Every structure is written in C-alpha cells, then in structure tokens.
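Chemist: Please read through the structure below; I'll follow up with questions.
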Amino acid sequence: WNFGKDLALKKIHLKPKEVVPAKHLENLFCKHFGYENSEGSWIPKNSLESTFVLSDDERADLLGDRQNENPFSETGLDQWISLLELALSIDHPSATNRIWTCGLTDGGLHNIFLNEENLWMFDLGEPSLEPIPAFLTKFLMSFFHALGMEEDEKGDWVVRFEQDENGKLRLTEKTKELLPKVISSFNITVDRLINELFDGYEKVRVLLVRYVVTQLISDSAFCIEKWRTKGGGDESRSDHQYYLEKWLWRALWDIYASEELRRRYLTRMMFKRQLENRHLDSFLG
C-alpha cells in the first residue's frame, strides 16, 4: 500500500506511458484506504469497481456481501486467518501428506515446454516437501498469469485493457474472447485434479481456488517490485529503460483476474447451494 501512497503524493517519477496504469494502481492501493491506513491486506470492493468494468453478475455481489457465509469474501486479516483454518481443516490424505518437489518450484504453464516426445521444465529451485494443494498453486494460477505475459508481434506483452468513456478499465475484445476459454480450461483441470488426486473430495476445491486468488495478488506485488528494481519511478534510472510500463499493466491484470475468479466461484457456490435447497425442499415436500 506504500506504493499507492507514494503515487498519490507524487513521490514516484512516471514516464508518459506509465501514467495510465499507475493512476489505476493508485486508485486500487491508496484512494479507498486513506493515506494512513496500511493495515489492509485485501483490495476493497469499491476500489475494484471504480477501477475495472467487472463481470455484470449481481448475484456474485449479493453473495459476496455475506462475509460470514462465504470463504471468498473475507477481507484484511480475516482472509488470512480463514485461509489457514481452511487449509488445516482439509483431512484428505492427498491434501495433508507432503510430496517431494524435485526442485520444481514454479510449475506454471509458462515454464513448461513440451512436444510429443519431450517435456522441458524451467525455473527450478531448492527441492522441498510440500502438500499437493500448495504444489499445484503455481500451475493453476498460470492459466491466468500466462495471459499477462503473452507477447505481441514486437515481443512486448499484450495489454489486456482499454479505457472506457468513464475512464474505467475494460477488457479488450481479444481478451473477452480468450478469458472464457481460459476459465473453462481451468475448471476442467480443477475438476480432474479433484477427481483423480483427491477422490472427488469437493472441500479441496475452495482451498485450491483461494490459493490461486492469493497467488495472483502476490504476483501483482512482484510485478510492482520488479518495475521499481528495473528503475521504474526513479527519474535518474527510468529514462534509460524502455517498456517498463508492461510490469504495471501486468500487475493490473493479476488483480483483475483474481477478482474475476473470486466472483465466478461465489456465483458457482450460490447456484450449488440453491440446487441443494431445491432438492431438500422437494424431499421435505
């Protein structure tokens, strides 16, 4: 949140192409918190809705307001506590036993190259023991993460947004076409993982999705840090660097993708609950 505060106080030097993404990041990280509030660890709903044109599913909003009933809607410290509680409550052996990672610390799609005969994996690190849900996090988040790293014909990352008449960010037409396919692939993959690794144990689905949502927010912070490391915001260094704004656009994409995924799963949970209630009503009737 200090990044948003520094933007608001004009402590960060911006190049012309960085102004638009930086303005929206300032709105997300500062304006709705106030300069003195740095305790929040989640982006508030009003900040998201004033920055992005989100999916127009009001049912997700209604469900998301009932914070005590839904594991995707906690904010601040509550979301970390509830995430830990959820992880500790999963009692399936495939979720609690640890596996040896062999150094595969980031098994995302962007770090895996394959053909019909070979598989190459990149971004290896220190081998460790991890529970399967934690190990799968980077792989599952990469379905959305990879869209933020797609290269255009010049080798630059594709910007996923354009500004509407109200100054809010909306998806480009190409991204609108791609995102439903990505979400469908993500859901199919999660379904299969749950069936094959966790014997259909549905409770782990919420944990997997919450890990992905949290990881996307974490990657947004990584992108901002990378921008600053490469000289972004520093007048004496940034003028010697080119296309640093891509890190700010990717940070915005990560935040948008995390919220879109959260909202869609809220709606999915609501439909499932309504269906269960109908079955119960039918049985009681």
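Residues in the structure tokens are numbered from 1 in each chain, the chains being A, B, ... in the order shown, and ligands are numbered from 1 in the order shown.
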Run DSSP on the backbone and grab whatever in region 144-283 of chain A lands in helix (DSSP H, G or I); send it over as a ChimeraX atom specification.
Modeler: /A:144-149,173-197,203-229,235-238,245-283
Chemist: Per residue of region 107-153 of chain A within 9 Å of region 185-205 of chain A, what are the shortest atom pair and its distance in Å to one decimal, counting only C-alpha atoms, with rows by chain and residue number, as JSON lines?
Modeler:
{"residue": "A:Ile132", "atom": "CA", "partner": "A:Leu197", "partner_atom": "CA", "distance": 8.8}
{"residue": "A:Pro133", "atom": "CA", "partner": "A:Val204", "partner_atom": "CA", "distance": 7.9}
{"residue": "A:Leu140", "atom": "CA", "partner": "A:Phe186", "partner_atom": "CA", "distance": 7.1}
{"residue": "A:Met141", "atom": "CA", "partner": "A:Phe186", "partner_atom": "CA", "distance": 8.9}
{"residue": "A:Phe143", "atom": "CA", "partner": "A:Phe186", "partner_atom": "CA", "distance": 6.6}
{"residue": "A:Phe144", "atom": "CA", "partner": "A:Phe186", "partner_atom": "CA", "distance": 8.7}
Chemist: Write out, as an mmCIF file, in the first residue's frame, the residues just selected, with all heavy atoms.
Modeler:
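For reference, result_19.cif as written:
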data_model
loop_
_atom_site.group_PDB
_atom_site.id
_atom_site.type_symbol
_atom_site.label_atom_id
_atom_site.label_comp_id
_atom_site.auth_asym_id
_atom_site.auth_seq_id
_atom_site.Cartn_x
_atom_site.Cartn_y
_atom_site.Cartn_z
ATOM 1 N N ILE A 132 0.166 -31.313 -1.663
ATOM 2 C CA ILE A 132 -0.220 -31.217 -3.068
ATOM 3 C C ILE A 132 -0.968 -29.919 -3.393
ATOM 4 O O ILE A 132 -0.685 -29.287 -4.420
ATOM 5 C CB ILE A 132 -1.038 -32.453 -3.489
ATOM 6 C CG1 ILE A 132 -0.147 -33.687 -3.478
ATOM 7 C CG2 ILE A 132 -1.644 -32.268 -4.869
ATOM 8 C CD1 ILE A 132 -0.860 -34.987 -3.817
ATOM 9 N N PRO A 133 -1.934 -29.458 -2.571
ATOM 10 C CA PRO A 133 -2.611 -28.200 -2.926
ATOM 11 C C PRO A 133 -1.645 -27.025 -3.082
ATOM 12 O O PRO A 133 -1.790 -26.216 -4.001
ATOM 13 C CB PRO A 133 -3.582 -27.978 -1.759
ATOM 14 C CG PRO A 133 -3.880 -29.345 -1.262
ATOM 15 C CD PRO A 133 -2.576 -30.082 -1.389
ATOM 16 N N LEU A 140 -1.875 -23.843 -11.375
ATOM 17 C CA LEU A 140 -3.249 -23.405 -11.603
ATOM 18 C C LEU A 140 -3.342 -21.896 -11.839
ATOM 19 O O LEU A 140 -4.118 -21.435 -12.680
ATOM 20 C CB LEU A 140 -4.132 -23.823 -10.428
ATOM 21 C CG LEU A 140 -4.369 -25.332 -10.296
ATOM 22 C CD1 LEU A 140 -5.136 -25.648 -9.020
ATOM 23 C CD2 LEU A 140 -5.115 -25.884 -11.510
ATOM 24 N N MET A 141 -2.558 -21.119 -11.100
ATOM 25 C CA MET A 141 -2.630 -19.664 -11.319
ATOM 26 C C MET A 141 -2.081 -19.272 -12.675
ATOM 27 O O MET A 141 -2.443 -18.240 -13.236
ATOM 28 C CB MET A 141 -1.901 -18.902 -10.205
ATOM 29 C CG MET A 141 -0.397 -19.009 -10.184
ATOM 30 S SD MET A 141 0.547 -17.833 -11.214
ATOM 31 C CE MET A 141 0.305 -16.313 -10.354
ATOM 32 N N PHE A 143 -2.767 -20.398 -15.534
ATOM 33 C CA PHE A 143 -3.779 -20.313 -16.580
ATOM 34 C C PHE A 143 -4.127 -18.847 -16.847
ATOM 35 O O PHE A 143 -4.367 -18.448 -17.989
ATOM 36 C CB PHE A 143 -5.041 -21.074 -16.151
ATOM 37 C CG PHE A 143 -4.947 -22.565 -16.322
ATOM 38 C CD1 PHE A 143 -4.102 -23.322 -15.524
ATOM 39 C CD2 PHE A 143 -5.700 -23.209 -17.283
ATOM 40 C CE1 PHE A 143 -4.014 -24.690 -15.673
ATOM 41 C CE2 PHE A 143 -5.624 -24.586 -17.446
ATOM 42 C CZ PHE A 143 -4.766 -25.340 -16.629
ATOM 43 N N PHE A 144 -4.171 -18.047 -15.787
ATOM 44 C CA PHE A 144 -4.486 -16.623 -15.902
ATOM 45 C C PHE A 144 -3.207 -15.785 -16.034
ATOM 46 O O PHE A 144 -3.164 -14.819 -16.792
ATOM 47 C CB PHE A 144 -5.279 -16.168 -14.678
ATOM 48 C CG PHE A 144 -6.523 -16.985 -14.468
ATOM 49 C CD1 PHE A 144 -6.513 -18.092 -13.631
ATOM 50 C CD2 PHE A 144 -7.700 -16.669 -15.122
ATOM 51 C CE1 PHE A 144 -7.647 -18.859 -13.449
ATOM 52 C CE2 PHE A 144 -8.840 -17.425 -14.944
ATOM 53 C CZ PHE A 144 -8.816 -18.530 -14.110
#
Chemist: Quick one: pull the distance between CA of Leu207 (chain A) and CA of Phe122 (chain A), Å, one decimal.
Modeler: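 Interatomic distance, CA of Leu207 (chain A) to CA of Phe122 (chain A): 25.9 Å.
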Chemist: Compile the contact shell of Ile99 (chain A) as a PyMOL selection string: residues with an atom at most 12 Å away, counting only C-alpha atoms, same-chain residues fewer than 2 positions apart removed.
Modeler: chain A and resi 93-97+101-104+127-136
Chemist: Output C-alpha atoms for every residue in that selection, as a CSV table (one decimal), in the first residue's frame.
Modeler:
chain,number,residue,atom,x,y,z
A,93,PRO,CA,-4.5,-37.7,2.9
A,94,SER,CA,-3.6,-36.3,-0.6
A,95,ALA,CA,-4.1,-32.8,0.8
A,96,THR,CA,-2.2,-33.4,4.1
A,97,ASN,CA,0.7,-35.7,3.0
A,101,THR,CA,9.0,-31.3,-5.4
A,102,CYS,CA,12.4,-32.3,-7.1
A,103,GLY,CA,13.1,-28.6,-7.3
A,104,LEU,CA,10.0,-27.8,-9.4
A,127,PRO,CA,13.8,-29.2,-3.6
A,128,SER,CA,11.4,-29.4,-0.7
A,129,LEU,CA,8.4,-31.3,0.7
A,130,GLU,CA,5.0,-29.7,0.0
A,131,PRO,CA,1.3,-30.6,0.3
A,132,ILE,CA,-0.2,-31.2,-3.1
A,133,PRO,CA,-2.6,-28.2,-2.9
A,134,ALA,CA,0.3,-25.9,-2.3
A,135,PHE,CA,2.4,-27.5,-5.0
A,136,LEU,CA,-0.4,-27.1,-7.5
